[in-house]
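Dumped upload.cif below, it's mmCIF, C-alpha atoms:
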```
data_entry
#
loop_
_atom_site.group_PDB
_atom_site.id
_atom_site.type_symbol
_atom_site.label_atom_id
_atom_site.label_comp_id
_atom_site.auth_asym_id
_atom_site.auth_seq_id
_atom_site.Cartn_x
_atom_site.Cartn_y
_atom_site.Cartn_z
ATOM 1 C CA MET A 1 -38.003 64.899 -7.564
ATOM 2 C CA GLN A 2 -34.422 65.443 -8.692
ATOM 3 C CA GLN A 3 -31.549 63.397 -10.053
ATOM 4 C CA GLN A 4 -27.789 64.010 -10.044
ATOM 5 C CA MET A 5 -25.952 64.442 -13.302
ATOM 6 C CA GLN A 6 -22.176 64.723 -13.866
ATOM 7 C CA VAL A 7 -21.131 67.531 -16.201
ATOM 8 C CA VAL A 8 -17.776 68.736 -17.573
ATOM 9 C CA ILE A 9 -16.932 72.361 -16.765
ATOM 10 C CA PRO A 10 -16.302 74.318 -20.013
ATOM 11 C CA GLN A 11 -12.988 76.090 -20.733
ATOM 12 C CA GLY A 12 -12.802 79.624 -19.356
ATOM 13 C CA ILE A 13 -15.145 78.902 -16.434
ATOM 14 C CA THR A 14 -13.866 79.550 -12.890
ATOM 15 C CA PRO A 15 -15.537 79.123 -9.468
ATOM 16 C CA GLY A 16 -18.563 81.411 -9.081
ATOM 17 C CA MET A 17 -19.233 81.719 -12.830
ATOM 18 C CA THR A 18 -22.415 80.326 -14.418
ATOM 19 C CA PHE A 19 -22.691 78.209 -17.553
ATOM 20 C CA GLN A 20 -25.433 76.302 -19.392
ATOM 21 C CA VAL A 21 -25.962 72.553 -19.117
ATOM 22 C CA ASN A 22 -28.219 70.486 -21.380
ATOM 23 C CA THR A 23 -30.206 68.155 -19.089
ATOM 24 C CA PRO A 24 -33.038 65.666 -19.698
ATOM 25 C CA ALA A 25 -35.377 68.410 -18.438
ATOM 26 C CA GLY A 26 -33.924 71.023 -20.839
ATOM 27 C CA MET A 27 -31.233 73.725 -20.624
ATOM 28 C CA MET A 28 -30.256 74.896 -17.111
ATOM 29 C CA GLN A 29 -27.878 77.527 -15.724
ATOM 30 C CA VAL A 30 -25.446 76.161 -13.091
ATOM 31 C CA ILE A 31 -22.785 77.822 -10.934
ATOM 32 C CA CYS A 32 -19.222 76.480 -10.905
ATOM 33 C CA PRO A 33 -18.406 75.610 -7.246
ATOM 34 C CA ASP A 34 -15.236 76.409 -5.289
ATOM 35 C CA GLY A 35 -12.539 73.817 -5.922
ATOM 36 C CA ALA A 36 -13.748 73.030 -9.447
ATOM 37 C CA TYR A 37 -11.967 74.119 -12.634
ATOM 38 C CA ALA A 38 -12.359 74.189 -16.414
ATOM 39 C CA GLY A 39 -12.075 70.689 -17.868
ATOM 40 C CA GLY A 40 -12.970 69.051 -14.531
ATOM 41 C CA SER A 41 -16.294 67.492 -13.618
ATOM 42 C CA MET A 42 -18.961 68.363 -11.074
ATOM 43 C CA LEU A 43 -22.336 67.003 -10.019
ATOM 44 C CA VAL A 44 -25.541 69.005 -10.441
ATOM 45 C CA ASN A 45 -29.079 68.311 -9.313
ATOM 46 C CA VAL A 46 -31.618 68.458 -12.139
ATOM 47 C CA PRO A 47 -35.377 67.879 -12.141
ATOM 48 C CA VAL A 48 -36.434 64.454 -13.343
ATOM 49 C CA ALA A 49 -37.959 64.756 -16.806
ATOM 50 C CA ALA A 50 -41.590 63.694 -17.062
ATOM 51 C CA ALA A 51 -41.871 60.052 -18.035
ATOM 52 C CA PRO A 52 -43.307 59.428 -21.507
ATOM 53 C CA PRO A 53 -46.809 57.959 -21.562
ATOM 54 C CA ILE A 54 -47.065 54.176 -21.526
ATOM 55 C CA VAL A 55 -49.125 52.737 -24.382
ATOM 56 C CA MET A 56 -50.426 49.208 -24.929
ATOM 57 C CA GLY A 57 -48.822 47.296 -27.780
ATOM 58 C CA ALA A 58 -50.682 44.933 -30.100
ATOM 59 C CA PRO A 59 -49.261 41.751 -31.624
ATOM 60 C CA VAL A 60 -48.652 41.734 -35.392
ATOM 61 C CA PRO A 61 -49.617 38.590 -37.283
ATOM 62 C CA VAL A 62 -46.559 36.747 -38.633
ATOM 63 C CA ASP A 63 -47.732 36.895 -42.251
ATOM 64 C CA THR A 64 -48.252 40.702 -42.201
ATOM 65 C CA VAL A 65 -45.640 42.709 -44.099
ATOM 66 C CA MET A 66 -44.972 46.199 -42.698
ATOM 67 C CA PRO A 67 -43.773 49.176 -44.762
ATOM 68 C CA PRO A 68 -40.053 50.022 -44.228
ATOM 69 C CA GLN A 69 -40.952 53.266 -42.422
ATOM 70 C CA GLN A 70 -42.851 51.351 -39.724
ATOM 71 C CA GLN A 71 -40.063 48.768 -39.424
ATOM 72 C CA MET A 72 -37.587 51.616 -38.885
ATOM 73 C CA GLY A 73 -39.824 53.160 -36.231
ATOM 74 C CA MET A 74 -40.069 49.823 -34.435
ATOM 75 C CA ALA A 75 -36.302 49.335 -34.500
ATOM 76 C CA MET A 76 -35.825 52.724 -32.866
ATOM 77 C CA ALA A 77 -38.444 52.140 -30.170
ATOM 78 C CA GLN A 78 -35.958 50.565 -27.763
ATOM 79 C CA PRO A 79 -36.415 50.890 -24.009
ATOM 80 C CA MET A 80 -34.187 53.611 -22.550
ATOM 81 C CA ALA A 81 -32.245 53.335 -19.301
ATOM 82 C CA GLN A 82 -33.674 55.534 -16.565
ATOM 83 C CA PRO A 83 -31.313 57.954 -14.755
ATOM 84 C CA MET A 84 -30.435 57.269 -11.134
ATOM 85 C CA VAL A 85 -32.682 59.335 -8.848
ATOM 86 C CA MET A 86 -31.124 60.716 -5.675
ATOM 87 C CA ALA A 87 -32.209 62.981 -2.867
ATOM 88 C CA PRO A 88 -31.598 66.694 -3.609
ATOM 89 C CA GLN A 89 -28.180 67.939 -2.531
ATOM 90 C CA GLY A 90 -25.951 70.898 -3.266
ATOM 91 C CA VAL A 91 -23.563 71.024 -6.202
ATOM 92 C CA VAL A 92 -20.467 68.981 -5.352
ATOM 93 C CA PRO A 93 -17.193 68.788 -7.297
ATOM 94 C CA VAL A 94 -16.155 65.269 -8.336
ATOM 95 C CA ASN A 95 -12.738 64.983 -6.700
ATOM 96 C CA ASN A 96 -11.322 62.195 -8.886
ATOM 97 C CA THR A 97 -11.393 64.517 -11.920
ATOM 98 C CA MET A 98 -9.700 67.486 -10.240
ATOM 99 C CA ALA A 99 -6.329 68.682 -11.498
ATOM 100 C CA ARG A 100 -3.590 66.505 -10.038
ATOM 101 C CA GLY A 101 0.159 66.871 -9.820
ATOM 102 C CA PRO A 102 3.235 64.838 -8.817
ATOM 103 C CA MET A 103 3.288 66.302 -5.278
ATOM 104 C CA ASP A 104 -0.357 65.560 -4.372
ATOM 105 C CA ASN A 105 -0.716 64.925 -0.629
ATOM 106 C CA ARG A 106 2.970 65.886 -0.148
ATOM 107 C CA MET A 107 2.739 69.687 -0.074
ATOM 108 C CA HIS A 108 3.690 69.645 3.642
ATOM 109 C CA GLU A 109 7.253 68.998 2.334
ATOM 110 C CA VAL A 110 7.335 72.413 0.598
ATOM 111 C CA SER A 111 8.461 75.422 2.646
ATOM 112 C CA SER A 112 8.389 79.192 2.274
ATOM 113 C CA GLY A 113 11.415 80.736 0.605
ATOM 114 C CA CYS A 114 12.916 82.383 -2.445
ATOM 115 C CA TYR A 115 12.219 80.754 -5.831
ATOM 116 C CA TYR A 116 13.702 81.915 -9.127
ATOM 117 C CA GLN A 117 12.748 81.423 -12.764
ATOM 118 C CA LYS A 118 15.175 78.704 -13.924
ATOM 119 C CA ASN A 119 15.536 80.110 -17.450
ATOM 120 C CA LEU A 120 16.256 83.629 -16.062
ATOM 121 C CA PRO A 121 18.294 82.867 -12.892
ATOM 122 C CA CYS A 122 19.718 86.363 -12.447
ATOM 123 C CA CYS A 123 16.611 88.235 -13.514
ATOM 124 C CA ASN A 124 13.498 87.009 -11.737
ATOM 125 C CA ALA A 125 13.276 85.790 -8.131
ATOM 126 C CA MET A 126 10.411 86.087 -5.653
ATOM 127 C CA TYR A 127 9.639 85.118 -2.082
ATOM 128 C CA TYR A 128 6.847 82.549 -1.651
ATOM 129 C CA SER A 129 5.171 82.652 1.754
ATOM 130 C CA PHE A 130 3.003 79.585 2.546
ATOM 131 C CA GLN A 131 0.109 79.532 4.995
ATOM 132 C CA GLU A 132 0.477 76.994 7.798
ATOM 133 C CA ASP A 133 -1.620 74.326 6.021
ATOM 134 C CA ASN A 134 0.091 75.016 2.632
ATOM 135 C CA SER A 135 -3.295 75.522 0.929
ATOM 136 C CA VAL A 136 -2.378 79.105 -0.075
ATOM 137 C CA TYR A 137 0.849 80.988 -0.720
ATOM 138 C CA ARG A 138 1.584 84.679 -1.250
ATOM 139 C CA ILE A 139 4.135 85.838 -3.818
ATOM 140 C CA GLY A 140 6.410 88.818 -3.116
ATOM 141 C CA PRO A 141 8.551 90.751 -2.528
ATOM 142 C CA ALA A 142 10.368 90.287 -5.822
ATOM 143 C CA TYR A 143 13.828 90.786 -7.319
ATOM 144 C CA CYS A 144 14.322 91.726 -10.953
ATOM 145 C CA CYS A 145 17.718 92.740 -12.408
ATOM 146 C CA VAL A 146 16.033 95.525 -14.377
ATOM 147 C CA ILE A 147 14.564 97.230 -11.300
ATOM 148 C CA CYS A 148 16.881 95.653 -8.679
ATOM 149 C CA CYS A 149 14.492 94.991 -5.835
ATOM 150 C CA TRP A 150 10.774 95.473 -5.658
ATOM 151 C CA PRO A 151 10.097 96.194 -1.997
ATOM 152 C CA CYS A 152 6.480 95.308 -1.462
ATOM 153 C CA PRO A 153 4.539 93.374 1.170
ATOM 154 C CA PRO A 154 3.991 89.591 0.917
ATOM 155 C CA GLY A 155 1.334 88.870 -1.695
ATOM 156 C CA CYS A 156 2.021 91.999 -3.756
ATOM 157 C CA CYS A 157 2.904 89.794 -6.752
ATOM 158 C CA GLY A 158 -0.073 87.463 -6.368
ATOM 159 C CA ASN A 159 -1.728 84.755 -4.324
ATOM 160 C CA GLN A 160 -2.066 81.109 -5.340
ATOM 161 C CA ARG A 161 -4.564 78.592 -3.888
ATOM 162 C CA ALA A 162 -4.654 74.769 -4.126
ATOM 163 C CA VAL A 163 -7.442 73.671 -6.503
ATOM 164 C CA SER A 164 -8.573 71.036 -3.965
ATOM 165 C CA PRO A 165 -7.408 69.798 -0.554
ATOM 166 C CA GLY A 166 -4.107 67.936 -0.867
ATOM 167 C CA SER A 167 -3.577 68.976 -4.486
ATOM 168 C CA SER A 168 -0.168 70.165 -5.694
ATOM 169 C CA VAL A 169 -1.849 72.249 -8.415
ATOM 170 C CA TYR A 170 -2.343 75.896 -7.410
ATOM 171 C CA LYS A 171 -4.209 78.599 -9.317
ATOM 172 C CA GLY A 172 -4.409 82.330 -8.830
ATOM 173 C CA ASN A 173 -3.482 85.654 -10.379
ATOM 174 C CA ALA A 174 -0.006 84.304 -11.285
ATOM 175 C CA GLY A 175 -1.530 81.534 -13.426
ATOM 176 C CA GLU A 176 -1.326 77.810 -12.685
ATOM 177 C CA ASP A 177 1.543 76.331 -10.660
ATOM 178 C CA VAL A 178 2.152 72.558 -10.588
ATOM 179 C CA TRP A 179 4.622 71.459 -7.903
ATOM 180 C CA GLN A 180 7.014 68.809 -9.238
ATOM 181 C CA SER A 181 9.147 68.412 -6.062
ATOM 182 C CA PRO A 182 9.571 70.163 -2.672
ATOM 183 C CA THR A 183 11.964 72.637 -4.353
ATOM 184 C CA MET A 184 10.577 73.054 -7.896
ATOM 185 C CA PHE A 185 7.320 73.907 -9.680
ATOM 186 C CA THR A 186 6.240 74.745 -13.222
ATOM 187 C CA ARG A 187 4.035 77.724 -14.072
ATOM 188 C CA THR A 188 1.633 78.262 -16.961
ATOM 189 C CA ASN A 189 0.361 81.807 -17.438
ATOM 190 C CA ALA A 190 -1.111 82.740 -20.817
ATOM 191 C CA GLU A 191 -1.011 86.473 -19.952
ATOM 192 C CA VAL A 192 2.812 86.466 -20.008
ATOM 193 C CA SER A 193 3.254 83.600 -22.510
ATOM 194 C CA GLN A 194 4.534 81.097 -19.925
ATOM 195 C CA LYS A 195 3.960 77.380 -20.539
ATOM 196 C CA ASP A 196 5.371 74.912 -17.989
ATOM 197 C CA GLU A 197 8.042 77.473 -17.029
ATOM 198 C CA PRO A 198 10.263 75.945 -14.285
ATOM 199 C CA PHE A 199 10.906 77.763 -10.975
ATOM 200 C CA VAL A 200 13.400 76.408 -8.429
ATOM 201 C CA LYS A 201 14.238 77.235 -4.816
ATOM 202 C CA CYS A 202 17.173 79.628 -4.282
#
```

Rewritten as structure tokens:
Amino acid sequence: MQQQMQVVIPQGITPGMTFQVNTPAGMMQVICPDGAYAGGSMLVNVPVAAAPPIVMGAPVPVDTVMPPQQQMGMAMAQPMAQPMVMAPQGVVPVNNTMARGPMDNRMHEVSSGCYYQKNLPCCNAMYYSFQEDNSVYRIGPAYCCVICCWPCPPGCCGNQRAVSPGSSVYKGNAGEDVWQSPTMFTRTNAEVSQKDEPFVKC
């Protein structure tokens, strides 16, 4: 028999990676599912731990004085709540803890086009090409004042994917993009020291 348990995904874990979870049945290895992310939650199925043996209690006469150690043991012997037992199922992300952004369920308002880095308007612009359902976009070709134009096929500068259906948070090899409006998003990418860097439509 199994039970479901909600766990928080550790930092640095991405879909497909394994990590350890401490369960009532002991340590287990679990795989981070698609659509889940570090800091979010997911459900895992774990074996139900064996129930402790049930023992018969005996009344203690009122005039009997117990040593403090026994009194402490009795105070700690409280009944414990039993976990909810459910039928076995696959690992499922818990959607209400997924990354969310201001444009959730409004990404159909965003269109393909040129977006530039607001703090470097003449230096860094790229074309963002959305798939029909706006769940994925490809980045490139790019313009950079240092190298003029970088003629490369769509996606040559990266691909970003929504972290869950309807989400306005996208992750990929360009970092994490959070769409703030149909014409503006912010990007965080530790590899190039970007934190909430604004990009706007040309």

The PyMOL selection byres ((chain A and resi 100-105) around 10) - which residues does that actually catch in the file I just gave you? List them as a ChimeraX atom specification. /A:95-99,106-110,163-170,177-182,185

Do you know which residues the PyMOL selection byres ((chain A and resi 197) around 8) returns on this file, as a list in words?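 Selected by the PyMOL selection byres ((chain A and resi 197) around 8) here: Gln117, Lys118, Asn119, Thr186, Arg187, Thr188, Gln194, Lys195, Asp196, Pro198 and Phe199 of chain A.
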
Spatial neighbours of Tyr137 (chain A), 7 Å, only C-alpha atoms, chain gap at least 4 places, as an MDAnalysis selection string: chainID A and resid 128:131 159:161

In file coordinates, which residues lie within 10 Å of (-7.9, 81.4, -16.9) using all atoms listed in the file, given as a PyMOL selection string? chain A and resi 11-14+37-38+171-173+175-176+189-191

Centre and edge lengths of an axis-aligned box around all listed atoms of region 119-135 of chain A, with 6 Å added on each side, are to be given in Å to one decimal, as JSON.
```
{"center_x": 8.2, "center_y": 81.3, "center_z": -4.8, "size_x": 35.0, "size_y": 25.9, "size_z": 37.2}
```

For a test of reading the model, state the distance in Å between CA of Ala162 (chain A) and CA of Met17 (chain A), rounded to one decimal. 18.3 Å

The PyMOL selection byres ((chain A and resi 5) around 7) - which residues does that actually catch in the file I just gave you? List them as a ChimeraX atom specification. /A:3-4,6-7,43-45

So what do you get for CA of Gly40 (chain A) versus CA of Pro10 (chain A), distance-wise?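 Rounded to one decimal, the two atoms are 8.3 Å apart.
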
Shortest interatomic distance to Gln29 (chain A) - which of A:Val46, A:Pro153, A:Gly113, A:Pro15, counting all atoms listed in the file: A:Val46

Quick check, in Å to one decimal: how far apart do CA of Cys114 (chain A) and CA of Glu132 (chain A) lie?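 So the two atoms, CA of Cys114 (chain A) and CA of Glu132 (chain A), lie 17.0 Å apart.
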
From the options A:Cys156, A:Met42, A:Ala36, A:Met28, which residue's atoms come nearest to Pro141 (chain A), counting all atoms listed in the file?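 Going through A:Cys156, A:Met42, A:Ala36, A:Met28 one by one, the smallest distance to Pro141 (chain A) is for A:Cys156.
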